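Below: entry-v1.cif (mmCIF, N, CA and C atoms)
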data_my_file
#
loop_
_atom_site.label_atom_id
_atom_site.label_comp_id
_atom_site.auth_asym_id
_atom_site.auth_seq_id
_atom_site.Cartn_x
_atom_site.Cartn_y
_atom_site.Cartn_z
N MET A 1 -70.94 65.79 -72.12
CA MET A 1 -72.01 64.94 -72.59
C MET A 1 -71.59 63.48 -72.35
N ARG A 2 -72.45 62.71 -71.79
CA ARG A 2 -72.16 61.31 -71.52
C ARG A 2 -72.73 60.47 -72.65
N HIS A 3 -71.90 59.64 -73.23
CA HIS A 3 -72.34 58.76 -74.31
C HIS A 3 -72.75 57.42 -73.73
N PRO A 4 -73.90 56.88 -74.14
CA PRO A 4 -74.41 55.63 -73.56
C PRO A 4 -73.74 54.39 -74.13
N ALA A 5 -72.61 54.53 -74.80
CA ALA A 5 -71.94 53.38 -75.41
C ALA A 5 -71.49 52.39 -74.34
N VAL A 6 -71.58 51.14 -74.67
CA VAL A 6 -71.15 50.07 -73.79
C VAL A 6 -69.64 49.92 -73.94
N GLY A 7 -68.95 49.69 -72.83
CA GLY A 7 -67.50 49.52 -72.86
C GLY A 7 -67.10 48.32 -73.70
N ASP A 8 -65.84 48.25 -74.02
CA ASP A 8 -65.37 47.18 -74.89
C ASP A 8 -65.12 45.88 -74.13
N GLY A 9 -65.24 45.89 -72.82
CA GLY A 9 -65.14 44.67 -72.04
C GLY A 9 -63.73 44.16 -71.80
N ARG A 10 -62.73 44.90 -72.23
CA ARG A 10 -61.35 44.45 -72.00
C ARG A 10 -60.96 44.65 -70.55
N VAL A 11 -60.16 43.73 -70.05
CA VAL A 11 -59.55 43.89 -68.75
C VAL A 11 -58.28 44.70 -68.98
N ARG A 12 -58.12 45.74 -68.21
CA ARG A 12 -56.94 46.59 -68.36
C ARG A 12 -56.12 46.54 -67.08
N ARG A 13 -54.83 46.44 -67.24
CA ARG A 13 -53.91 46.54 -66.12
C ARG A 13 -53.17 47.85 -66.31
N LEU A 14 -53.49 48.82 -65.49
CA LEU A 14 -52.93 50.15 -65.63
C LEU A 14 -51.86 50.39 -64.58
N THR A 15 -50.79 50.96 -65.02
CA THR A 15 -49.75 51.42 -64.11
C THR A 15 -49.52 52.88 -64.44
N VAL A 16 -50.20 53.74 -63.73
CA VAL A 16 -50.12 55.17 -63.99
C VAL A 16 -50.03 55.91 -62.66
N HIS A 17 -49.53 57.11 -62.73
CA HIS A 17 -49.48 57.97 -61.55
C HIS A 17 -50.69 58.87 -61.55
N LEU A 18 -51.41 58.88 -60.46
CA LEU A 18 -52.56 59.75 -60.32
C LEU A 18 -52.03 61.17 -60.14
N PRO A 19 -52.48 62.12 -60.97
CA PRO A 19 -51.99 63.49 -60.83
C PRO A 19 -52.20 64.02 -59.41
N PRO A 20 -51.29 64.85 -58.94
CA PRO A 20 -51.36 65.33 -57.55
C PRO A 20 -52.70 65.93 -57.15
N GLN A 21 -53.35 66.67 -58.06
CA GLN A 21 -54.63 67.28 -57.69
C GLN A 21 -55.70 66.22 -57.43
N TYR A 22 -55.64 65.09 -58.13
CA TYR A 22 -56.61 64.02 -57.89
C TYR A 22 -56.25 63.23 -56.63
N ALA A 23 -54.97 63.00 -56.42
CA ALA A 23 -54.54 62.31 -55.21
C ALA A 23 -54.94 63.12 -53.98
N ARG A 24 -54.76 64.43 -54.04
CA ARG A 24 -55.14 65.30 -52.93
C ARG A 24 -56.65 65.22 -52.68
N ARG A 25 -57.44 65.29 -53.77
CA ARG A 25 -58.90 65.17 -53.63
C ARG A 25 -59.28 63.82 -53.03
N LEU A 26 -58.59 62.77 -53.46
CA LEU A 26 -58.89 61.42 -52.98
C LEU A 26 -58.64 61.31 -51.47
N PHE A 27 -57.48 61.77 -51.02
CA PHE A 27 -57.16 61.69 -49.59
C PHE A 27 -58.05 62.60 -48.76
N ASP A 28 -58.34 63.79 -49.26
CA ASP A 28 -59.24 64.70 -48.54
C ASP A 28 -60.63 64.08 -48.39
N ALA A 29 -61.13 63.47 -49.46
CA ALA A 29 -62.44 62.83 -49.42
C ALA A 29 -62.44 61.67 -48.43
N ARG A 30 -61.39 60.87 -48.48
CA ARG A 30 -61.28 59.74 -47.54
C ARG A 30 -61.26 60.23 -46.10
N ASP A 31 -60.51 61.31 -45.86
CA ASP A 31 -60.37 61.82 -44.49
C ASP A 31 -61.68 62.35 -43.91
N VAL A 32 -62.60 62.78 -44.76
CA VAL A 32 -63.89 63.27 -44.25
C VAL A 32 -64.97 62.20 -44.34
N GLY A 33 -64.57 60.95 -44.64
CA GLY A 33 -65.51 59.84 -44.61
C GLY A 33 -66.30 59.60 -45.87
N ALA A 34 -65.77 60.00 -47.01
CA ALA A 34 -66.47 59.78 -48.28
C ALA A 34 -66.68 58.28 -48.51
N GLY A 35 -67.76 57.97 -49.19
CA GLY A 35 -68.07 56.58 -49.50
C GLY A 35 -67.27 56.08 -50.70
N GLU A 36 -67.34 54.79 -50.90
CA GLU A 36 -66.60 54.16 -52.00
C GLU A 36 -66.97 54.74 -53.36
N ARG A 37 -68.24 55.03 -53.55
CA ARG A 37 -68.69 55.58 -54.84
C ARG A 37 -67.99 56.91 -55.16
N GLN A 38 -67.90 57.78 -54.17
CA GLN A 38 -67.24 59.08 -54.38
C GLN A 38 -65.74 58.90 -54.61
N LEU A 39 -65.12 57.99 -53.88
CA LEU A 39 -63.69 57.74 -54.06
C LEU A 39 -63.42 57.17 -55.45
N ARG A 40 -64.26 56.25 -55.90
CA ARG A 40 -64.12 55.70 -57.25
C ARG A 40 -64.24 56.79 -58.32
N GLN A 41 -65.17 57.72 -58.11
CA GLN A 41 -65.36 58.79 -59.07
C GLN A 41 -64.11 59.66 -59.19
N ILE A 42 -63.48 59.95 -58.10
CA ILE A 42 -62.25 60.76 -58.12
C ILE A 42 -61.15 60.01 -58.85
N VAL A 43 -60.97 58.73 -58.56
CA VAL A 43 -59.95 57.93 -59.25
C VAL A 43 -60.27 57.85 -60.73
N ALA A 44 -61.53 57.64 -61.08
CA ALA A 44 -61.93 57.57 -62.49
C ALA A 44 -61.61 58.86 -63.22
N GLU A 45 -61.86 60.00 -62.60
CA GLU A 45 -61.55 61.28 -63.22
C GLU A 45 -60.05 61.42 -63.47
N GLY A 46 -59.25 61.01 -62.50
CA GLY A 46 -57.80 61.07 -62.66
C GLY A 46 -57.30 60.15 -63.77
N LEU A 47 -57.80 58.91 -63.79
CA LEU A 47 -57.40 57.97 -64.85
C LEU A 47 -57.88 58.45 -66.21
N GLN A 48 -59.06 59.04 -66.24
CA GLN A 48 -59.60 59.58 -67.48
C GLN A 48 -58.63 60.61 -68.06
N GLU A 49 -58.12 61.50 -67.23
CA GLU A 49 -57.21 62.55 -67.71
C GLU A 49 -55.85 61.99 -68.11
N VAL A 50 -55.29 61.11 -67.30
CA VAL A 50 -53.93 60.62 -67.54
C VAL A 50 -53.87 59.55 -68.62
N TYR A 51 -54.70 58.53 -68.49
CA TYR A 51 -54.58 57.36 -69.34
C TYR A 51 -55.38 57.48 -70.63
N PHE A 52 -56.64 57.86 -70.51
CA PHE A 52 -57.50 57.86 -71.69
C PHE A 52 -57.42 59.15 -72.50
N LYS A 53 -57.37 60.29 -71.82
CA LYS A 53 -57.32 61.57 -72.53
C LYS A 53 -55.89 62.05 -72.78
N ASP A 54 -54.93 61.40 -72.15
CA ASP A 54 -53.51 61.73 -72.33
C ASP A 54 -53.26 63.21 -72.11
N GLY A 55 -53.76 63.73 -71.00
CA GLY A 55 -53.54 65.12 -70.65
C GLY A 55 -54.13 66.12 -71.62
N GLY A 56 -55.23 65.77 -72.28
CA GLY A 56 -55.89 66.67 -73.20
C GLY A 56 -55.49 66.50 -74.66
N ARG A 57 -54.68 65.51 -74.96
CA ARG A 57 -54.22 65.31 -76.33
C ARG A 57 -55.14 64.41 -77.16
N ARG A 58 -56.11 63.74 -76.53
CA ARG A 58 -57.03 62.87 -77.28
C ARG A 58 -58.29 62.62 -76.46
N ALA A 59 -59.28 62.05 -77.11
CA ALA A 59 -60.53 61.62 -76.47
C ALA A 59 -61.16 62.72 -75.62
N ASP A 60 -61.25 63.90 -76.17
CA ASP A 60 -61.71 65.08 -75.43
C ASP A 60 -63.06 64.89 -74.75
N GLU A 61 -63.99 64.22 -75.39
CA GLU A 61 -65.35 64.11 -74.83
C GLU A 61 -65.58 62.81 -74.06
N LEU A 62 -64.56 62.01 -73.89
CA LEU A 62 -64.69 60.73 -73.20
C LEU A 62 -64.93 60.94 -71.71
N GLU A 63 -65.81 60.12 -71.14
CA GLU A 63 -66.02 60.07 -69.71
C GLU A 63 -65.81 58.64 -69.25
N VAL A 64 -65.07 58.46 -68.18
CA VAL A 64 -64.71 57.14 -67.69
C VAL A 64 -65.52 56.81 -66.44
N GLU A 65 -66.00 55.58 -66.39
CA GLU A 65 -66.67 55.07 -65.20
C GLU A 65 -65.83 53.91 -64.68
N PHE A 66 -65.53 53.94 -63.42
CA PHE A 66 -64.64 52.97 -62.78
C PHE A 66 -65.49 51.87 -62.17
N THR A 67 -65.62 50.71 -62.87
CA THR A 67 -66.49 49.63 -62.41
C THR A 67 -65.78 48.28 -62.51
N ASP A 68 -66.37 47.28 -61.91
CA ASP A 68 -65.90 45.90 -61.99
C ASP A 68 -64.40 45.77 -61.74
N ILE A 69 -63.97 46.30 -60.61
CA ILE A 69 -62.55 46.31 -60.26
C ILE A 69 -62.22 44.98 -59.58
N ASP A 70 -61.21 44.29 -60.11
CA ASP A 70 -60.75 43.05 -59.50
C ASP A 70 -59.64 43.32 -58.49
N TYR A 71 -58.82 44.32 -58.77
CA TYR A 71 -57.67 44.58 -57.92
C TYR A 71 -57.25 46.02 -58.09
N LEU A 72 -56.90 46.67 -57.00
CA LEU A 72 -56.44 48.05 -57.05
C LEU A 72 -55.32 48.20 -56.05
N ASP A 73 -54.19 48.69 -56.52
CA ASP A 73 -53.03 48.91 -55.65
C ASP A 73 -52.60 50.35 -55.86
N LEU A 74 -52.80 51.17 -54.84
CA LEU A 74 -52.43 52.58 -54.92
C LEU A 74 -51.21 52.83 -54.06
N GLY A 75 -50.27 53.57 -54.60
CA GLY A 75 -49.11 53.97 -53.83
C GLY A 75 -49.08 55.47 -53.72
N TYR A 76 -48.47 55.98 -52.68
CA TYR A 76 -48.35 57.42 -52.52
C TYR A 76 -47.09 57.75 -51.77
#

Show me the file's structure as structure tokens.
Amino acid sequence: MRHPAVGDGRVRRLTVHLPPQYARRLFDARDVGAGERQLRQIVAEGLQEVYFKDGGRRADELEVEFTDIDYLDLGY
């Protein structure tokens, strides 16, 4: 269920490792020509699991939308 709540507006600087299954999905999508919107969705799902939901330990019903990005540095 998606909650229509407005984000808190904080700028976050995240340093997290994208789980391998999301990194694999991200590279596979890129390799077949996925658009930016689809790539953002995959990254958002990975960050949602790792950072916000803490691997299932909290925020079970939270859904993350990846918007207003100023800077993104991905390593692999």

### Query
Given the choices A:Glu61, A:Thr67, A:Gly46, A:Asp73, which gets closest to Gln21 in chain A if the distance is worked out from only C-alpha atoms?
A:Gly46

For the file shown, what are the residues hit by the PyMOL selection byres ((chain A and resi 39-44) around 7), laid out as a CSV table (one decimal) with N, CA and C atoms, keeping the file's coordinate frame?
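Contents of the output file out-v7.csv:
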chain,number,residue,atom,x,y,z
A,22,TYR,N,-55.6,65.1,-58.1
A,22,TYR,CA,-56.6,64.0,-57.9
A,22,TYR,C,-56.2,63.2,-56.6
A,25,ARG,N,-57.4,65.3,-53.8
A,25,ARG,CA,-58.9,65.2,-53.6
A,25,ARG,C,-59.3,63.8,-53.0
A,26,LEU,N,-58.6,62.8,-53.5
A,26,LEU,CA,-58.9,61.4,-53.0
A,26,LEU,C,-58.6,61.3,-51.5
A,29,ALA,N,-61.1,63.5,-49.5
A,29,ALA,CA,-62.4,62.8,-49.4
A,29,ALA,C,-62.4,61.7,-48.4
A,30,ARG,N,-61.4,60.9,-48.5
A,30,ARG,CA,-61.3,59.7,-47.5
A,30,ARG,C,-61.3,60.2,-46.1
A,34,ALA,N,-65.8,60.0,-47.0
A,34,ALA,CA,-66.5,59.8,-48.3
A,34,ALA,C,-66.7,58.3,-48.5
A,35,GLY,N,-67.8,58.0,-49.2
A,35,GLY,CA,-68.1,56.6,-49.5
A,35,GLY,C,-67.3,56.1,-50.7
A,36,GLU,N,-67.3,54.8,-50.9
A,36,GLU,CA,-66.6,54.2,-52.0
A,36,GLU,C,-67.0,54.7,-53.4
A,37,ARG,N,-68.2,55.0,-53.6
A,37,ARG,CA,-68.7,55.6,-54.8
A,37,ARG,C,-68.0,56.9,-55.2
A,38,GLN,N,-67.9,57.8,-54.2
A,38,GLN,CA,-67.2,59.1,-54.4
A,38,GLN,C,-65.7,58.9,-54.6
A,45,GLU,N,-61.9,60.0,-62.6
A,45,GLU,CA,-61.6,61.3,-63.2
A,45,GLU,C,-60.0,61.4,-63.5
A,46,GLY,N,-59.2,61.0,-62.5
A,46,GLY,CA,-57.8,61.1,-62.7
A,46,GLY,C,-57.3,60.2,-63.8
A,47,LEU,N,-57.8,58.9,-63.8
A,47,LEU,CA,-57.4,58.0,-64.8
A,47,LEU,C,-57.9,58.4,-66.2
A,48,GLN,N,-59.1,59.0,-66.2
A,48,GLN,CA,-59.6,59.6,-67.5
A,48,GLN,C,-58.6,60.6,-68.1
A,49,GLU,N,-58.1,61.5,-67.2
A,49,GLU,CA,-57.2,62.6,-67.7
A,49,GLU,C,-55.8,62.0,-68.1
A,64,VAL,N,-65.1,58.5,-68.2
A,64,VAL,CA,-64.7,57.1,-67.7
A,64,VAL,C,-65.5,56.8,-66.4
A,65,GLU,N,-66.0,55.6,-66.4
A,65,GLU,CA,-66.7,55.1,-65.2
A,65,GLU,C,-65.8,53.9,-64.7
A,66,PHE,N,-65.5,53.9,-63.4
A,66,PHE,CA,-64.6,53.0,-62.8
A,66,PHE,C,-65.5,51.9,-62.2

### Query
Which one of A:Leu72, A:Val32, A:Val16, A:Val11 sits closest to Phe52 in chain A if you count only C-alpha atoms?
A:Val16

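Here atom N of Gly56 in chain A stands at a distance of 25.3 Å from atom C of Ile69 in chain A.
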
### Task
Record the distance separating CA of Tyr71 in chain A and atom N of His17 in chain A, expressed in Å with one decimal.
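We find that CA of Tyr71 in chain A and atom N of His17 in chain A lie 15.7 Å from each other.
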
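Between atom C of Arg58 in chain A and CA of Arg24 in chain A the separation is 23.9 Å.
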
### Message
I need the alpha helix (DSSP H) residues of chain A per DSSP on the backbone, written as an NGL selection string.
### Response
:A and (20-31 or 36-47)

My structure is short of atoms at range 37-48 of chain A; please model all heavy atoms there, returning them as a compact mmCIF listing (two decimals), keeping the file's coordinate frame.
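Written out: out-v7.txt:
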# COMPACT_ATOMS: atom_id res chain seq x y z
N ARG A 37 -68.24 55.03 -53.55
CA ARG A 37 -68.69 55.58 -54.84
C ARG A 37 -67.99 56.91 -55.16
O ARG A 37 -67.54 57.13 -56.27
CB ARG A 37 -70.20 55.76 -54.81
CG ARG A 37 -70.76 56.23 -56.12
CD ARG A 37 -72.25 56.34 -56.04
NE ARG A 37 -72.79 56.71 -57.33
CZ ARG A 37 -73.97 56.41 -57.75
NH1 ARG A 37 -74.79 55.73 -56.97
NH2 ARG A 37 -74.38 56.79 -58.92
N GLN A 38 -67.90 57.78 -54.17
CA GLN A 38 -67.24 59.08 -54.38
C GLN A 38 -65.74 58.90 -54.61
O GLN A 38 -65.16 59.57 -55.46
CB GLN A 38 -67.48 60.00 -53.19
CG GLN A 38 -66.92 61.40 -53.41
CD GLN A 38 -67.18 62.33 -52.25
OE1 GLN A 38 -67.84 61.97 -51.26
NE2 GLN A 38 -66.68 63.54 -52.34
N LEU A 39 -65.12 57.99 -53.88
CA LEU A 39 -63.69 57.74 -54.06
C LEU A 39 -63.42 57.17 -55.45
O LEU A 39 -62.46 57.57 -56.12
CB LEU A 39 -63.18 56.79 -52.98
CG LEU A 39 -63.31 57.30 -51.53
CD1 LEU A 39 -62.86 56.21 -50.56
CD2 LEU A 39 -62.53 58.58 -51.33
N ARG A 40 -64.26 56.25 -55.90
CA ARG A 40 -64.12 55.70 -57.25
C ARG A 40 -64.24 56.79 -58.32
O ARG A 40 -63.53 56.78 -59.31
CB ARG A 40 -65.18 54.64 -57.52
CG ARG A 40 -64.91 53.32 -56.91
CD ARG A 40 -65.99 52.35 -57.33
NE ARG A 40 -65.82 51.08 -56.68
CZ ARG A 40 -66.15 49.93 -57.22
NH1 ARG A 40 -66.68 49.90 -58.41
NH2 ARG A 40 -65.97 48.82 -56.57
N GLN A 41 -65.17 57.72 -58.11
CA GLN A 41 -65.36 58.79 -59.07
C GLN A 41 -64.11 59.66 -59.19
O GLN A 41 -63.71 60.03 -60.29
CB GLN A 41 -66.57 59.65 -58.67
CG GLN A 41 -66.84 60.80 -59.61
CD GLN A 41 -67.16 60.36 -61.03
OE1 GLN A 41 -67.80 59.34 -61.23
NE2 GLN A 41 -66.70 61.12 -62.00
N ILE A 42 -63.48 59.95 -58.10
CA ILE A 42 -62.25 60.76 -58.12
C ILE A 42 -61.15 60.01 -58.85
O ILE A 42 -60.45 60.58 -59.70
CB ILE A 42 -61.82 61.13 -56.69
CG1 ILE A 42 -62.87 62.06 -56.05
CG2 ILE A 42 -60.43 61.79 -56.70
CD1 ILE A 42 -62.70 62.25 -54.56
N VAL A 43 -60.97 58.73 -58.56
CA VAL A 43 -59.95 57.93 -59.25
C VAL A 43 -60.27 57.85 -60.73
O VAL A 43 -59.38 58.00 -61.58
CB VAL A 43 -59.84 56.53 -58.62
CG1 VAL A 43 -58.93 55.63 -59.45
CG2 VAL A 43 -59.31 56.63 -57.19
N ALA A 44 -61.53 57.64 -61.08
CA ALA A 44 -61.93 57.57 -62.49
C ALA A 44 -61.61 58.86 -63.22
O ALA A 44 -61.10 58.84 -64.35
CB ALA A 44 -63.41 57.25 -62.61
N GLU A 45 -61.86 60.00 -62.60
CA GLU A 45 -61.55 61.28 -63.22
C GLU A 45 -60.05 61.42 -63.47
O GLU A 45 -59.62 61.90 -64.52
CB GLU A 45 -62.06 62.44 -62.36
CG GLU A 45 -63.56 62.57 -62.34
CD GLU A 45 -64.05 63.61 -61.35
OE1 GLU A 45 -63.25 64.48 -60.93
OE2 GLU A 45 -65.24 63.57 -61.01
N GLY A 46 -59.25 61.01 -62.50
CA GLY A 46 -57.80 61.07 -62.66
C GLY A 46 -57.30 60.15 -63.77
O GLY A 46 -56.49 60.55 -64.61
N LEU A 47 -57.80 58.91 -63.79
CA LEU A 47 -57.40 57.97 -64.85
C LEU A 47 -57.88 58.45 -66.21
O LEU A 47 -57.19 58.29 -67.22
CB LEU A 47 -57.96 56.58 -64.56
CG LEU A 47 -57.36 55.85 -63.37
CD1 LEU A 47 -58.08 54.54 -63.14
CD2 LEU A 47 -55.88 55.63 -63.55
N GLN A 48 -59.06 59.04 -66.24
CA GLN A 48 -59.60 59.58 -67.48
C GLN A 48 -58.63 60.61 -68.06
O GLN A 48 -58.33 60.59 -69.26
CB GLN A 48 -60.95 60.22 -67.16
CG GLN A 48 -61.58 61.01 -68.26
CD GLN A 48 -62.91 61.56 -67.79
OE1 GLN A 48 -63.87 60.82 -67.71
NE2 GLN A 48 -62.96 62.84 -67.46
